[in-house]
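Enquirer: Can you read through this structure? Questions will come right after.
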Amino acid sequence: MSQLSEKVVQTICQSGRVFEVGGAVRDRLLGLDISSKDHDYLVTGIPYDELTRLLKPHGHVELVGRSFGVIKFTQFRDGQPHTFDIALPRKEHSTGVGHKEFEVNFDPNLSVEDDLTRRDFTINSIAMALDDQSIIDPLNGRKDLADRILRMTSERSFEEDPLRMLRAIQFAARFQFEIEPQTFAAMTKHAALIATVSAERIADEMNKLLLLAK
C-alpha cells in the first residue's frame, strides 16, 4: 500500500500538522513489513471543510465519514488508485449497548494526544508526525511493544467496545504478546458483553485471528 504523497503532506503542513496513526506505525516500530498495510492519517489545526478544499486538487475526496470527521482520499499513481482515511482528532464514547451507538465529537483544535488516548490498546496509541518524523506516544506504547505487552488504554475500554476483547486475543496471538493482568481481568469481567456485538464484526475479527496469527 502506497503512502500519502509528499506533495499532499507539504500542502497540509502549510496550515496544520499531519500524523500517521494506527497499525502501520505499530508495525513499523516492530520492524515488520508495512508495504501492504493500510495507512491512516490524522490532521490537526485545519477545519474539516478547509481540509477538504486543500485535498481536492490532489485527488478524489469522499465525505462518507463527515459525521465522524473522516475524509476518504484517493490518489492515483501509475493509473492505480491508493485510498487513505484522513481524520480530524476526535473524542467518542458509547451511548448504546455493544458500541452500536456512540457520540463522536471531532475538533481540529484537539491535540493528537487527545485522539490517541481514546484508542483501544497502548500499542495502537502511537503516532508519527510527518513534518519531522517525531513519535508521539502519550501512553508509553513503545515500551509495551518492547516488552511484548498488550495493555488497554482505560478501564472502560471493553465496556466502550466489547469487540476489543477479541482484538486483544487476536493481537496477542498475532504478535506473541502477553496480555497484562489488569487488561486480562477486565476482559474476564466483561466477557458476557461479547453477546452484544454483531456477528459481522465478530467474524471479521476471527478471520484476522485465523489468517494473521503465527
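Labels used: A, B, ... for chains in the order of the C-alpha cells, numbers from 1 for residues in each chain, and numbers from 1 for ligands as shown.
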Each residue of range 101-163 of chain A lying at most 12 Å from range 1-13 of chain A should get a row with its shortest atom-to-atom pair and the distance in Å to one decimal, counting only C-alpha atoms; could you produce that, ordered by chain and increasing number, as a Markdown table?
Expert:
| residue | atom | partner | partner_atom | distance |
| --- | --- | --- | --- | --- |
| A:Ala129 | CA | A:Cys13 | CA | 10.2 |
| A:Leu130 | CA | A:Val9 | CA | 7.2 |
| A:Asp131 | CA | A:Cys13 | CA | 7.0 |
| A:Asp132 | CA | A:Cys13 | CA | 10.6 |
Enquirer: Only C-alpha atoms, please: the residues just picked out, written as a PDB file, in the first residue's frame.
Expert:
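Result file result.pdb:
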ATOM      1  CA  ALA A 129       4.440  13.368  12.753  1.00  0.00           C
ATOM      2  CA  LEU A 130       5.148  13.594   9.031  1.00  0.00           C
ATOM      3  CA  ASP A 131       6.769  17.029   9.216  1.00  0.00           C
ATOM      4  CA  ASP A 132       9.686  15.987  11.452  1.00  0.00           C
TER       5      ASP A 132
END
Enquirer: May I have the residues within 7 Å of range 25-32 of chain A as number ranges by chain, using only C-alpha atoms and disregarding those fewer than 5 positions away in the same chain?
Expert: A: 20, 123-124, 126-128
Enquirer: Within 12 Å of Val64 in chain A, counting only C-alpha atoms, which residues show up once you throw out same-chain ones fewer than 3 positions away? Write them as a list in words, please.
Expert: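 Answer for this query is Val61, Ser67, Phe68, Gly69, Val70, Ile71, Lys72, Phe73, Asp85, Ile86 and Ala87 of chain A.
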Enquirer: Please, which residues of range 114-214 of chain A, numbered as in this document, come out alpha helix (DSSP H) from DSSP, as a VMD selection string?
Expert: chain A and resid 114 to 116 141 to 147 157 to 160 163 to 175 181 to 189 199 to 212
Enquirer: If we count only C-alpha atoms, what is near Ala186 in chain A at a cut-off of 12 Å, once residues fewer than 5 positions away on the same chain are taken out, given as a ChimeraX atom specification?
Expert: /A:151-159,162,164-165,168,179-181,191-193
Enquirer: May I have all residues of range 20-145 of chain A that DSSP, computed from the backbone, assigns to strand (DSSP E), given as a VMD selection string?
Expert: chain A and resid 20 to 21 40 to 44 60 to 65 70 to 77 80 to 87 90 to 94 102 to 106 127 to 129 135 to 136
Enquirer: Using only C-alpha atoms, can you tell me which of A:Val112, A:Arg142, A:Val104, A:Asp49 comes closest to Leu63 in chain A?
Expert: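 Result for the nearest residue to Leu63 in chain A: A:Asp49.
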Enquirer: Nearest to Asn109 in chain A among A:Ser198, A:Asn140, A:Thr44, A:Ser134, with distances taken over only C-alpha atoms: which residue is it?
Expert: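 Among A:Ser198, A:Asn140, A:Thr44, A:Ser134, it is A:Thr44 that comes nearest to Asn109 in chain A.
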Enquirer: My list of candidates is A:Leu209, A:Leu42, A:Ile202, A:Val197. Which is closest to Leu110 in chain A when distances are computed with only C-alpha atoms?
Expert: A:Leu42
Enquirer: Can you build me a table of range 134-155 of chain A residues sitting at most 10 Å from range 171-176 of chain A, with the closest atom pair per residue and its distance in Å to one decimal, using only C-alpha atoms, sorted by chain and residue number, as CSV?
Expert:
residue,atom,partner,partner_atom,distance
A:Leu145,CA,A:Phe175,CA,9.6
A:Arg148,CA,A:Gln176,CA,7.4
A:Ile149,CA,A:Ala172,CA,8.4
A:Leu150,CA,A:Ala172,CA,6.9
Enquirer: Next, write the just-selected residues to a file, as a PDB file, in the first residue's frame, keeping C-alpha atoms as the atom set.
Expert:
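Wrote again26.pdb, looks like this:
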ATOM      1  CA  LEU A 145       5.951  -3.015  22.258  1.00  0.00           C
ATOM      2  CA  ARG A 148       5.718  -7.505  24.258  1.00  0.00           C
ATOM      3  CA  ILE A 149       2.803  -6.500  26.480  1.00  0.00           C
ATOM      4  CA  LEU A 150      -0.791  -5.818  25.437  1.00  0.00           C
TER       5      LEU A 150
END
Enquirer: For a test of reading the model, state the distance in Å between CA of Asn105 in chain A and CA of Arg118 in chain A, rounded to one decimal.
Expert: 11.8 Å
Enquirer: Between CA of Gly59 in chain A and CA of Ser15 in chain A, what distance in Å does the model show, to one decimal?
Expert: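 For CA of Gly59 in chain A relative to CA of Ser15 in chain A, the distance reads 18.4 Å.
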Enquirer: Given the choices A:Thr188, A:Gln14, A:Thr183, A:Thr52, which gets closest to Leu88 in chain A if the distance is worked out from only C-alpha atoms?
Expert: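 The shortest atom-to-atom distance to Leu88 in chain A comes from A:Thr52.
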Enquirer: From the options A:Gly16, A:His82, A:Pro108, A:Ala24, which residue's atoms come nearest to Tyr48 in chain A, counting only C-alpha atoms?
Expert: A:Pro108
Enquirer: Identify, on the basis of only C-alpha atoms, every residue whose closest approach to Thr117 in chain A does not exceed 8 Å; exclude the query and any residue fewer than 2 positions from it along the same chain; express the result as a list in words.
Expert: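 What passes the distance filter is Glu113, Asp114, Asp115, Arg119, Ser125, Pro138, Leu139 and Thr153 of chain A.
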